[in-house]
Every structure is written in C-alpha cells, then in structure tokens.
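Undergrad: File model.txt below, compact mmCIF, C-alpha atoms and all ligand atoms:
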# COMPACT_ATOMS: atom_id res chain seq x y z
CA MET P 738 -13.54 -13.24 7.56
CA SER P 739 -10.38 -11.23 7.04
CA VAL P 740 -10.70 -7.59 6.08
CA VAL P 741 -8.75 -4.38 5.65
CA ARG P 742 -8.83 -2.02 8.59
CA VAL P 743 -7.59 1.54 8.93
CA LYS P 744 -5.41 2.85 11.72
CA ASP P 745 -7.06 5.58 13.82
CA GLY P 746 -6.55 9.07 12.45
CA ILE P 747 -5.73 8.07 8.89
CA GLU P 748 -7.26 10.41 6.30
CA PHE P 749 -8.67 9.37 2.93
CA THR P 750 -9.04 12.93 1.65
CA MET P 751 -8.95 11.70 -1.93
CA ILE P 752 -8.63 8.34 -3.63
CA ALA P 753 -7.36 8.35 -7.21
CA PRO P 754 -8.27 5.57 -9.68
CA GLY P 755 -4.86 3.98 -9.17
CA GLY P 756 -5.41 4.23 -5.43
CA PHE P 757 -8.61 2.22 -5.72
CA ARG P 758 -6.65 -0.47 -7.56
CA ILE P 759 -4.12 -0.59 -4.73
CA LEU P 760 -6.81 -0.76 -2.04
CA SER P 761 -8.64 -3.45 -4.00
CA ALA P 762 -5.49 -5.56 -4.33
CA ILE P 763 -4.79 -5.24 -0.60
CA ASP P 764 -8.36 -6.28 0.20
CA GLN P 765 -8.20 -9.27 -2.14
CA ILE P 766 -5.02 -10.49 -0.51
CA ALA P 767 -6.44 -10.02 3.01
CA ALA P 768 -9.32 -12.31 2.06
CA LYS P 769 -6.97 -14.80 0.39
CA ILE P 770 -4.43 -15.14 3.18
CA GLY P 771 -7.00 -15.00 5.97
CA MET P 772 -5.35 -12.21 7.90
CA ASP P 773 -6.61 -8.72 8.72
CA LEU P 774 -4.44 -6.01 7.17
CA THR P 775 -4.11 -2.46 8.45
CA ILE P 776 -3.66 0.67 6.36
CA THR P 777 -1.23 2.86 8.32
CA SER P 778 -1.02 5.79 5.91
CA ALA P 779 -3.22 7.20 3.15
CA CYS P 780 -3.32 10.93 2.32
CA ASP P 781 -2.09 12.01 5.72
CA GLY P 782 1.41 12.64 6.96
CA GLU P 783 4.46 14.50 5.76
CA HIS P 784 6.01 11.84 3.55
CA SER P 785 8.24 13.33 0.88
CA GLY P 786 6.56 16.68 0.25
CA PRO P 787 3.70 18.15 -1.79
CA ASN P 788 4.29 15.85 -4.76
CA ASP P 789 4.16 12.73 -2.65
CA PRO P 790 1.77 10.17 -4.17
CA HIS P 791 0.14 9.72 -0.74
CA HIS P 792 -1.29 13.23 -1.02
CA ARG P 793 -2.78 12.42 -4.44
CA GLY P 794 -4.50 9.28 -3.20
CA GLU P 795 -2.09 7.15 -5.23
CA ALA P 796 -0.10 5.53 -2.41
CA TYR P 797 -0.99 3.50 0.66
CA ASP P 798 1.01 1.93 3.46
CA VAL P 799 0.23 -1.41 5.11
CA ARG P 800 1.43 -2.55 8.53
CA SER P 801 4.17 -5.14 8.16
CA HIS P 802 4.81 -5.93 11.83
CA ASP P 803 1.91 -8.43 11.81
CA PHE P 804 3.80 -10.65 9.34
CA PRO P 805 6.46 -13.21 10.16
CA ASP P 806 9.67 -12.10 8.38
CA ALA P 807 9.52 -15.09 6.05
CA GLU P 808 6.09 -14.06 4.73
CA LYS P 809 6.78 -10.40 4.02
CA THR P 810 8.18 -10.97 0.55
CA ASP P 811 5.30 -13.30 -0.31
CA PHE P 812 2.77 -10.66 0.70
CA LEU P 813 4.53 -7.97 -1.31
CA ASN P 814 4.68 -10.18 -4.37
CA SER P 815 1.04 -11.25 -4.02
CA VAL P 816 -0.18 -7.66 -4.04
CA MET P 817 2.16 -6.70 -6.88
CA THR P 818 1.07 -9.70 -8.95
CA ILE P 819 -2.44 -8.23 -8.95
CA LEU P 820 -1.27 -4.67 -9.59
CA GLY P 821 1.53 -5.33 -12.08
CA TRP P 822 5.05 -3.91 -11.81
CA ASP P 823 4.62 -2.05 -15.11
CA ARG P 824 2.12 0.39 -13.60
CA PHE P 825 2.67 0.13 -9.85
CA PHE P 826 5.51 -0.07 -7.37
CA GLY P 827 5.73 -1.60 -3.93
CA PHE P 828 8.44 -2.30 -1.38
CA LEU P 829 9.14 -2.92 2.27
CA GLU P 830 10.14 0.48 3.58
CA ALA P 831 12.58 0.89 6.50
CA PRO P 832 12.96 -2.87 7.07
CA GLY P 833 13.89 -3.91 10.59
CA THR P 834 12.96 -0.56 12.14
CA ASP P 835 9.94 0.61 14.16
CA ASN P 836 8.84 2.48 11.04
CA GLU P 837 8.88 -0.63 8.85
CA HIS P 838 5.83 -0.90 6.56
CA PHE P 839 4.78 -1.93 3.08
CA HIS P 840 4.42 0.97 0.67
CA PHE P 841 2.43 0.68 -2.56
CA GLN P 842 2.01 3.41 -5.13
CA VAL P 843 1.27 4.21 -8.74
CA LYS P 844 4.63 3.89 -10.50
CA LYS P 845 6.66 7.07 -10.23
CA GLY P 846 6.60 9.22 -13.35
CA THR P 847 3.48 7.52 -14.75
CA VAL P 848 -0.17 8.55 -14.97
CA TYR P 849 -2.87 6.06 -14.03
CA PRO P 850 -4.83 5.30 -16.08
CA SER P 851 -2.50 6.27 -18.89
CA SER P 852 -5.39 6.81 -21.32
ZN ZN C 901 4.09 5.22 1.93
Now that the file is in, can you turn its structure into structure tokens?
Ligand SMILES: [Zn+2]

TA:
Amino acid sequence: MSVVRVKDGIEFTMIAPGGFRILSAIDQIAAKIGMDLTITSACDGEHSGPNDPHHRGEAYDVRSHDFPDAEKTDFLNSVMTILGWDRFFGFLEAPGTDNEHFHFQVKKGTVYPSS
C-alpha cells in the first residue's frame, strides 16, 4: 500500500485547514498511483521569509526526483485537480536542479477557508 512519508527532520509545527487539504490530496494521489510520496518541507526551513506559507502550515513540498520526467506534470495536475486552481497553487520548483521539488500552497493573497 502506498503512503505519504516525511523526510527526517521535517517539522509540522502547525497545519492550517488549507494545509490539511493539501496533505489529503497528496495522500489520495499516493494511494491512486501506487507510489510512496515524500514530504520534503512543511513548516521548517528558510523559504521566502516570515510570511512564507510554509510557516503558516499552508504549503508543503513533495520530492519530485522519484518521478520519471514524463510523469511529473501528470502528478502535479492530479493533485491540483483535487485541490482546485481557484483556491490553491502548485508547481514544479527549480526543475532540473538538485533542489527540484513539487510545491503546493494555498493560493497567494487568499484566505482558506474564505468564509
Ligand atoms: Zn515549498
């Protein structure tokens, strides 16, 4: 059975409601595609400063190096189909580099849930 795993040292200091949606979508896709997925960043790390959604529990990174190149877009789209582009955002960050990973977050400039 395929599951979501967490890289050693990753901190889930807080998980916002939108963050739970992201983690749920990632878990659903792991089960669907039959491949373990690894969270490589949660609330930890420097990222882009104090307002970074990672620090609010509204953004999570997933290891992309486990995927064949041809399947990376499919994975991204599968997760985003569950989440919806109107409320969430996801992309392949730093493609082709050692730092390459999928990044998912609550859409910038929005509050989740909105009301
Ligand atoms: Zn990230």

Undergrad: Kindly assemble as a Markdown table a list of the chain P residues that lie within 6 Å of ligand ZN 901 (chain C), each paired with its nearest atom pair and their distance in Å to one decimal, using all atoms listed in the file, sorted first by chain and then by ascending residue number.

TA:
| residue | atom | partner | partner_atom | distance |
| --- | --- | --- | --- | --- |
| P:Tyr797 | CA | C:ZN901 | ZN | 5.5 |
| P:Asp798 | CA | C:ZN901 | ZN | 4.8 |
| P:His840 | CA | C:ZN901 | ZN | 4.4 |

Undergrad: Select, from P:Gly782, P:Gly833, P:Gly846, P:Gly821, the residue with the minimum atom-to-atom distance to P:Pro805, counting all atoms listed in the file.

TA: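 Closest residue, counting all atoms listed in the file: P:Gly833.
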
Undergrad: So, counting all atoms listed in the file, which residue among P:Asp781, P:Asp789, P:Asp811, P:Glu837 is closest to P:Asp745?

TA: P:Asp781

Undergrad: Atom CA of P:Ser761 to atom CA of P:Asp835: how many Å, to one decimal?

TA: 26.3 Å

Undergrad: Counting all atoms listed in the file, which residue out of P:Phe839, P:Trp822, P:Phe757, P:Phe828 sits closest to P:Glu795?

TA: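 Using all atoms listed in the file, P:Glu795 sits closest to P:Phe757.
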
Undergrad: Write out as a list in words which residues come within 12 Å of P:Ser815 when counting only C-alpha atoms, dropping same-chain ones fewer than 6 positions away.

TA: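 Everything that qualifies: Ile759, Ala762, Ile763, Asp764, Gln765, Ile766, Ala767, Lys769, Ile770, Glu808, Lys809, Gly821, Trp822, Gly827 and Phe828 of chain P.
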
Undergrad: My list of candidates is P:Ala753, P:Met817, P:Val740, P:Met772. Which is closest to P:Pro790 when distances are computed with all atoms listed in the file?

TA: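 Looking only at the distances to P:Pro790, the closest residue turns out to be P:Ala753.
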
Undergrad: At a cut-off of 9 Å from (1.7, 3.4, -8.5) in the coordinates of the file, what residues are picked up using all atoms listed in the file, written as a list of chain:residue names?

TA: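 It turns out the residues near that spot are P:Gly755, P:Gly756, P:Ile759, P:Pro790, P:Glu795, P:Ala796, P:Leu820, P:Trp822, P:Arg824, P:Phe825, P:Phe826, P:Gly827, P:Phe841, P:Gln842, P:Val843, P:Lys844, P:Lys845, P:Thr847, P:Val848, P:Tyr849.
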
Undergrad: So how many Å separate atom CA of P:Asp773 and atom CA of P:Val741, to one decimal?

TA: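 According to the coordinates, atom CA of P:Asp773 and atom CA of P:Val741 are separated by 5.7 Å.
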
Undergrad: Which one of P:Leu760, P:Leu774, P:Ile752, P:Ala831 sits closest to P:Ser739 if you count only C-alpha atoms?

TA: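 Closest to P:Ser739, using only C-alpha atoms: P:Leu774.
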
Undergrad: How many Å lie between atom CA of P:Cys780 and atom CA of P:Glu830, rounded to one decimal?

TA: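 Going from atom CA of P:Cys780 over to atom CA of P:Glu830 covers 17.1 Å.
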
Undergrad: Kindly provide, as lines of an AutoDock Vina configuration file, the centre and edge lengths (Å, one decimal) of an axis-aligned box around all atoms of stretch 820-828 of chain P given in the file, with 8 Å on each side.

TA:
center_x = 3.6
center_y = -2.5
center_z = -8.2
size_x = 25.7
size_y = 21.7
size_z = 29.7

Undergrad: Restricting the calculation to only C-alpha atoms, which member of P:Ala807, P:Met751, P:Ile776, P:Met738 is positioned closest to P:Arg793?

TA: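 For P:Arg793, the nearest of the candidates is P:Met751.
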
Undergrad: Taking 2 positions as the minimum chain separation for residues in the same chain, which residues sit within 7 Å of P:Ile747 when counting only C-alpha atoms? Answer as a list in words.

TA: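 Counting only the stated atoms, we get Val743, Lys744, Asp745, Phe749, Thr777, Ser778, Ala779 and Asp781 of chain P.
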
Undergrad: With C-alpha atoms retained, could you export that selection as a tab-separated table (two decimals), keeping the file's coordinate frame?

TA:
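Produced file out-v3.tsv, reproduced below:
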chain	number	residue	atom	x	y	z
P	743	VAL	CA	-7.59	1.54	8.93
P	744	LYS	CA	-5.41	2.85	11.72
P	745	ASP	CA	-7.06	5.58	13.82
P	749	PHE	CA	-8.67	9.37	2.93
P	777	THR	CA	-1.23	2.86	8.32
P	778	SER	CA	-1.02	5.79	5.91
P	779	ALA	CA	-3.22	7.20	3.15
P	781	ASP	CA	-2.09	12.01	5.72

Undergrad: Write out as a ChimeraX atom specification which residues come within 12 Å of P:Thr834 when counting only C-alpha atoms, dropping same-chain ones fewer than 4 positions away.

TA: /P:801-802,829-830,838

Undergrad: Next, the residues of the selection above should be written as a PDB file, keeping the file's coordinate frame with C-alpha atoms.

TA:
ATOM      1  CA  SER P 801       4.170  -5.140   8.160  1.00  0.00           C
ATOM      2  CA  HIS P 802       4.810  -5.930  11.830  1.00  0.00           C
ATOM      3  CA  LEU P 829       9.140  -2.920   2.270  1.00  0.00           C
ATOM      4  CA  GLU P 830      10.140   0.480   3.580  1.00  0.00           C
ATOM      5  CA  HIS P 838       5.830  -0.900   6.560  1.00  0.00           C
TER       6      HIS P 838
END
